[in-house]
$ cat upload31.cif   # mmCIF, C-alpha atoms
data_entry
loop_
_atom_site.label_atom_id
_atom_site.label_comp_id
_atom_site.auth_asym_id
_atom_site.auth_seq_id
_atom_site.Cartn_x
_atom_site.Cartn_y
_atom_site.Cartn_z
CA MET A 16 -3.79 4.66 -4.30
CA GLY A 17 -4.19 7.84 -6.26
CA ALA A 18 -5.27 11.43 -6.46
CA TYR A 19 -7.35 13.67 -8.66
CA ALA A 20 -7.83 17.41 -9.08
CA PRO A 21 -9.72 19.58 -8.90
CA VAL A 22 -11.88 18.25 -6.09
CA SER A 23 -15.32 19.35 -7.24
CA TRP A 24 -17.02 18.98 -3.87
CA VAL A 25 -14.69 21.52 -2.19
CA SER A 26 -16.26 24.93 -2.76
CA GLU A 27 -14.67 28.39 -2.83
CA HIS A 28 -16.38 28.96 0.53
CA ASP A 29 -14.65 25.83 1.91
CA LEU A 30 -11.27 27.02 0.59
CA LYS A 31 -11.68 30.46 2.20
CA LYS A 32 -12.74 28.81 5.48
CA ILE A 33 -9.68 26.52 5.39
CA GLU A 34 -7.39 29.46 4.59
CA LYS A 35 -8.82 31.60 7.40
CA GLY A 36 -9.27 28.87 10.02
CA ILE A 37 -6.34 26.51 9.35
CA ILE A 38 -3.65 27.81 6.99
CA ASN A 39 -3.33 31.40 8.20
CA PRO A 40 -3.29 30.46 11.93
CA ALA A 41 -0.57 27.86 11.26
CA LEU A 42 1.56 30.33 9.30
CA ASP A 43 0.94 33.09 11.87
CA GLY A 44 1.93 30.73 14.70
CA LEU A 45 5.20 29.88 12.98
CA LYS A 46 5.91 33.54 12.27
CA ASN A 47 5.08 34.62 15.84
CA SER A 48 7.39 31.94 17.24
CA GLY A 49 10.28 33.36 15.20
CA HIS A 50 10.14 30.71 12.48
CA PRO A 51 8.38 32.21 9.45
CA PHE A 52 7.57 29.51 6.94
CA ILE A 53 8.61 29.75 3.30
CA GLY A 54 8.07 26.74 1.12
CA VAL A 55 5.57 23.98 0.45
CA LEU A 56 3.04 23.42 3.19
CA TYR A 57 0.67 20.54 2.56
CA PRO A 58 -2.21 20.18 5.02
CA GLY A 59 -3.80 16.75 5.22
CA LEU A 60 -7.42 17.49 6.08
CA LYS A 61 -10.42 15.42 7.09
CA PHE A 62 -13.80 16.75 5.99
CA SER A 63 -17.06 16.18 7.81
CA SER A 64 -20.51 17.55 7.09
CA TYR A 65 -19.84 20.55 9.36
CA ASP A 66 -16.10 21.34 9.30
CA GLN A 67 -12.54 20.38 8.40
CA ARG A 68 -9.91 18.98 10.76
CA VAL A 69 -6.14 18.81 10.35
CA LEU A 70 -4.72 15.30 10.29
CA LYS A 71 -1.18 16.40 9.49
CA PHE A 72 1.00 19.09 7.94
CA ASN A 73 3.80 18.17 5.56
CA ALA A 74 6.52 20.66 4.64
CA ARG A 75 7.09 18.88 1.33
CA PHE A 76 5.31 17.91 -1.84
CA GLY A 77 2.92 15.01 -1.31
CA ASP A 78 2.83 11.94 -3.52
CA PRO A 79 0.69 11.26 -5.53
CA GLU A 80 -1.03 14.62 -5.00
CA THR A 81 1.80 16.63 -6.51
CA GLN A 82 1.62 14.65 -9.73
CA VAL A 83 -1.89 15.91 -10.43
CA TYR A 84 -1.07 19.47 -9.37
CA MET A 85 1.94 19.62 -11.69
CA ARG A 86 -0.23 18.54 -14.64
CA LEU A 87 -2.55 21.48 -13.96
CA LEU A 88 -0.02 24.13 -12.95
CA GLU A 89 0.46 26.61 -15.77
CA THR A 90 2.96 28.89 -14.00
CA ASP A 91 6.52 27.57 -14.12
CA LEU A 92 7.30 25.89 -10.77
CA LEU A 93 10.84 27.29 -10.83
CA ASP A 94 9.42 30.83 -11.02
CA ILE A 95 7.26 30.10 -7.98
CA ILE A 96 10.16 28.63 -6.00
CA GLU A 97 12.44 31.56 -6.88
CA ALA A 98 9.70 34.00 -5.82
CA CYS A 99 9.47 32.17 -2.47
CA VAL A 100 13.23 32.28 -1.95
CA ASN A 101 13.32 35.98 -2.83
CA LYS A 102 10.25 36.70 -0.64
CA GLU A 103 8.38 38.01 -3.69
CA LEU A 104 5.58 35.46 -3.97
CA LYS A 105 2.91 38.19 -3.88
CA LYS A 106 4.41 39.59 -7.10
CA ILE A 107 3.81 36.41 -9.10
CA LYS A 108 0.51 35.35 -10.66
CA ILE A 109 -0.02 31.62 -10.23
CA SER A 110 -2.17 30.24 -13.04
CA TRP A 111 -3.85 26.87 -13.44
CA LYS A 112 -4.85 25.07 -16.64
CA PRO A 113 -8.52 24.23 -17.05
CA GLY A 114 -9.56 20.62 -16.84
CA PHE A 115 -8.65 17.82 -14.50
CA ALA A 116 -5.86 15.36 -13.78
CA VAL A 117 -5.77 11.88 -12.30
CA CYS A 118 -2.87 9.85 -10.96
CA VAL A 119 -3.07 6.18 -10.03
CA VAL A 120 -0.17 4.56 -8.20
CA LEU A 121 0.39 0.84 -7.86
CA VAL A 122 1.84 -0.05 -4.44
CA SER A 123 2.69 -3.28 -2.65
CA ALA A 124 0.34 -4.80 -0.12
CA ASN A 125 0.75 -3.29 3.36
CA TYR A 126 2.27 -0.09 1.95
CA PRO A 127 3.82 1.98 3.52
CA GLU A 128 4.52 -0.09 6.66
CA ALA A 129 5.86 -3.19 4.92
CA GLN A 130 6.69 -3.41 1.26
CA SER A 131 6.83 -6.61 -0.73
CA GLU A 132 9.67 -7.15 -3.16
CA SER A 133 9.69 -9.16 -6.37
CA VAL A 134 5.91 -9.13 -6.73
CA PRO A 135 5.00 -9.63 -10.39
CA ILE A 136 2.90 -7.01 -12.13
CA TYR A 137 0.51 -8.38 -14.73
CA GLY A 138 -1.10 -6.61 -17.67
CA LEU A 139 1.76 -4.34 -18.71
CA GLU A 140 1.58 -5.42 -22.36
CA LYS A 141 -2.10 -4.54 -22.45
CA ALA A 142 -1.41 -1.21 -20.72
CA LYS A 143 1.21 -0.31 -23.38
CA ASN A 144 -1.57 -0.25 -25.95
CA PHE A 145 -3.69 2.13 -23.90
CA ARG A 146 -3.56 5.71 -25.16
CA SER A 147 -4.71 8.72 -23.22
CA ASP A 148 -3.88 12.38 -22.85
CA CYS A 149 -1.18 11.65 -20.28
CA PHE A 150 2.25 13.20 -20.63
CA SER A 151 4.13 9.92 -20.57
CA CYS A 152 1.92 8.42 -23.31
CA ARG A 153 2.46 11.42 -25.55
CA ASN A 154 6.22 11.20 -25.05
CA GLN A 155 6.27 7.48 -25.90
CA GLU A 156 4.50 8.13 -29.19
CA LYS A 157 7.20 10.55 -30.40
#
$ encode --input "upload31.cif" --output "structure tokens"
Amino acid sequence: MGAYAPVSWVSEHDLKKIEKGIINPALDGLKNSGHPFIGVLYPGLKFSSYDQRVLKFNARFGDPETQVYMRLLETDLLDIIEACVNKELKKIKISWKPGFAVCVVLVSANYPEAQSESVPIYGLEKAKNFRSDCFSCRNQEK
């Protein structure tokens, strides 16, 4: 499994529509019920040719999605979290690096329901010789 960002086929119009039709109503509903939300809210959405539907909401960072976001986030995550805790998020400018990021995760068959143990992974020696612009590769070269 894996993730990539940015998602080029999601337009600014789509993002505004999702914010207005999904995110804001969810946050308003929590606030109106006496439970204002502060933190990470990850909506799992399904896109069709005419709209977006919510599959799930997670109040946590998603994996592997977060790994690509963290590669592109220019603003220090700690600054963002502190601004949330202090209810000052509107005061902080969240900046993103240009470019893209990809994360590929190797998982056992039947993940996440049943995980296999002691399954050999082949090709690691060949992968060690692969060089890219990934953070872990740059750290290994130092």
$ resolve_selection --input "upload31.cif" --expression "the PyMOL selection byres ((chain A and resi 92) around 12)" --output "MDAnalysis selection string"
chainID A and resid 54:55 81 84:91 93:99 104 107:111
$ residues_around --input "upload31.cif" --residues "range 41-48 of chain A" --least-positions-apart "5" --cutoff "12 Å" --atoms "all atoms listed in the file" --output "tab-separated table (two decimals) with C-alpha atoms, in the frame of the given file"
chain	number	residue	atom	x	y	z
A	33	ILE	CA	-9.68	26.52	5.39
A	34	GLU	CA	-7.39	29.46	4.59
A	35	LYS	CA	-8.82	31.60	7.40
A	36	GLY	CA	-9.27	28.87	10.02
A	53	ILE	CA	8.61	29.75	3.30
A	54	GLY	CA	8.07	26.74	1.12
A	55	VAL	CA	5.57	23.98	0.45
A	56	LEU	CA	3.04	23.42	3.19
A	57	TYR	CA	0.67	20.54	2.56
A	58	PRO	CA	-2.21	20.18	5.02
A	69	VAL	CA	-6.14	18.81	10.35
A	71	LYS	CA	-1.18	16.40	9.49
A	72	PHE	CA	1.00	19.09	7.94
A	74	ALA	CA	6.52	20.66	4.64
$ atom_distance --input "upload31.cif" --atom1 "CA of Glu128 in chain A" --atom2 "CA of Val83 in chain A"
24.3 Å
$ atom_distance --input "upload31.cif" --atom1 "CA of Asn101 in chain A" --atom2 "CA of Pro40 in chain A"
22.9 Å
$ atom_distance --input "upload31.cif" --atom1 "CA of Lys61 in chain A" --atom2 "CA of Tyr126 in chain A"
20.7 Å
$ resolve_selection --input "upload31.cif" --expression "the PyMOL selection byres ((chain A and resi 116) around 10)" --output "list of chain:residue names"
A:Ala18, A:Tyr19, A:Ala20, A:Pro21, A:Gln82, A:Val83, A:Tyr84, A:Met85, A:Arg86, A:Leu87, A:Pro113, A:Gly114, A:Phe115, A:Val117, A:Cys118, A:Asp148, A:Cys149
$ closest_residue --input "upload31.cif" --among "A:Ser63, A:Gln130, A:Asn144, A:Asn125" --to "Val25 in chain A" --atoms "all atoms listed in the file"
A:Ser63
$ closest_residue --input "upload31.cif" --among "A:Leu30, A:Leu121, A:Lys106, A:Asn39" --to "Met16 in chain A" --atoms "only C-alpha atoms"
A:Leu121
$ decode --input "upload31.cif" --residues "range 43-65 of chain A" --atoms "N, CA and C atoms" --output "tab-separated table (two decimals), in the first residue's frame"
chain	number	residue	atom	x	y	z
A	43	ASP	N	-18.65	22.02	12.92
A	43	ASP	CA	-19.77	22.77	13.51
A	43	ASP	C	-20.65	21.85	14.35
A	44	GLY	N	-20.90	20.63	13.88
A	44	GLY	CA	-21.71	19.68	14.64
A	44	GLY	C	-21.07	19.34	15.97
A	45	LEU	N	-19.77	19.12	15.98
A	45	LEU	CA	-19.06	18.84	17.22
A	45	LEU	C	-19.13	20.04	18.17
A	46	LYS	N	-18.90	21.22	17.62
A	46	LYS	CA	-18.95	22.44	18.44
A	46	LYS	C	-20.34	22.66	19.02
A	47	ASN	N	-21.37	22.50	18.20
A	47	ASN	CA	-22.75	22.73	18.64
A	47	ASN	C	-23.22	21.70	19.66
A	48	SER	N	-22.57	20.52	19.66
A	48	SER	CA	-22.93	19.50	20.65
A	48	SER	C	-22.14	19.66	21.95
A	49	GLY	N	-21.32	20.72	22.01
A	49	GLY	CA	-20.54	20.97	23.23
A	49	GLY	C	-19.19	20.29	23.24
A	50	HIS	N	-18.76	19.79	22.09
A	50	HIS	CA	-17.47	19.10	21.99
A	50	HIS	C	-16.64	19.68	20.86
A	51	PRO	N	-16.18	20.93	21.00
A	51	PRO	CA	-15.38	21.51	19.92
A	51	PRO	C	-14.12	20.69	19.69
A	52	PHE	N	-13.80	20.49	18.43
A	52	PHE	CA	-12.67	19.63	18.08
A	52	PHE	C	-11.41	20.45	17.87
A	53	ILE	N	-10.34	20.03	18.51
A	53	ILE	CA	-9.01	20.60	18.31
A	53	ILE	C	-8.07	19.43	18.12
A	54	GLY	N	-7.41	19.39	16.97
A	54	GLY	CA	-6.48	18.31	16.73
A	54	GLY	C	-6.45	17.92	15.27
A	55	VAL	N	-6.06	16.69	15.02
A	55	VAL	CA	-5.95	16.16	13.67
A	55	VAL	C	-7.26	15.48	13.31
A	56	LEU	N	-7.86	15.92	12.24
A	56	LEU	CA	-9.08	15.29	11.75
A	56	LEU	C	-8.83	14.86	10.32
A	57	TYR	N	-8.83	13.57	10.11
A	57	TYR	CA	-8.52	13.00	8.80
A	57	TYR	C	-9.78	12.40	8.20
A	58	PRO	N	-10.35	13.03	7.16
A	58	PRO	CA	-11.52	12.45	6.52
A	58	PRO	C	-11.12	11.48	5.42
A	59	GLY	N	-11.61	10.27	5.49
A	59	GLY	CA	-11.43	9.31	4.40
A	59	GLY	C	-12.59	9.51	3.44
A	60	LEU	N	-12.29	9.94	2.22
A	60	LEU	CA	-13.33	10.30	1.27
A	60	LEU	C	-13.33	9.37	0.06
A	61	LYS	N	-14.50	9.20	-0.52
A	61	LYS	CA	-14.65	8.47	-1.77
A	61	LYS	C	-15.12	9.48	-2.81
A	62	PHE	N	-14.41	9.55	-3.93
A	62	PHE	CA	-14.75	10.47	-4.99
A	62	PHE	C	-15.52	9.74	-6.09
A	63	SER	N	-16.53	10.40	-6.61
A	63	SER	CA	-17.21	9.92	-7.82
A	63	SER	C	-17.13	11.04	-8.85
A	64	SER	N	-17.75	10.85	-9.98
A	64	SER	CA	-17.70	11.88	-11.01
A	64	SER	C	-18.53	13.10	-10.66
A	65	TYR	N	-19.39	13.00	-9.63
A	65	TYR	CA	-20.27	14.12	-9.30
A	65	TYR	C	-20.15	14.63	-7.87
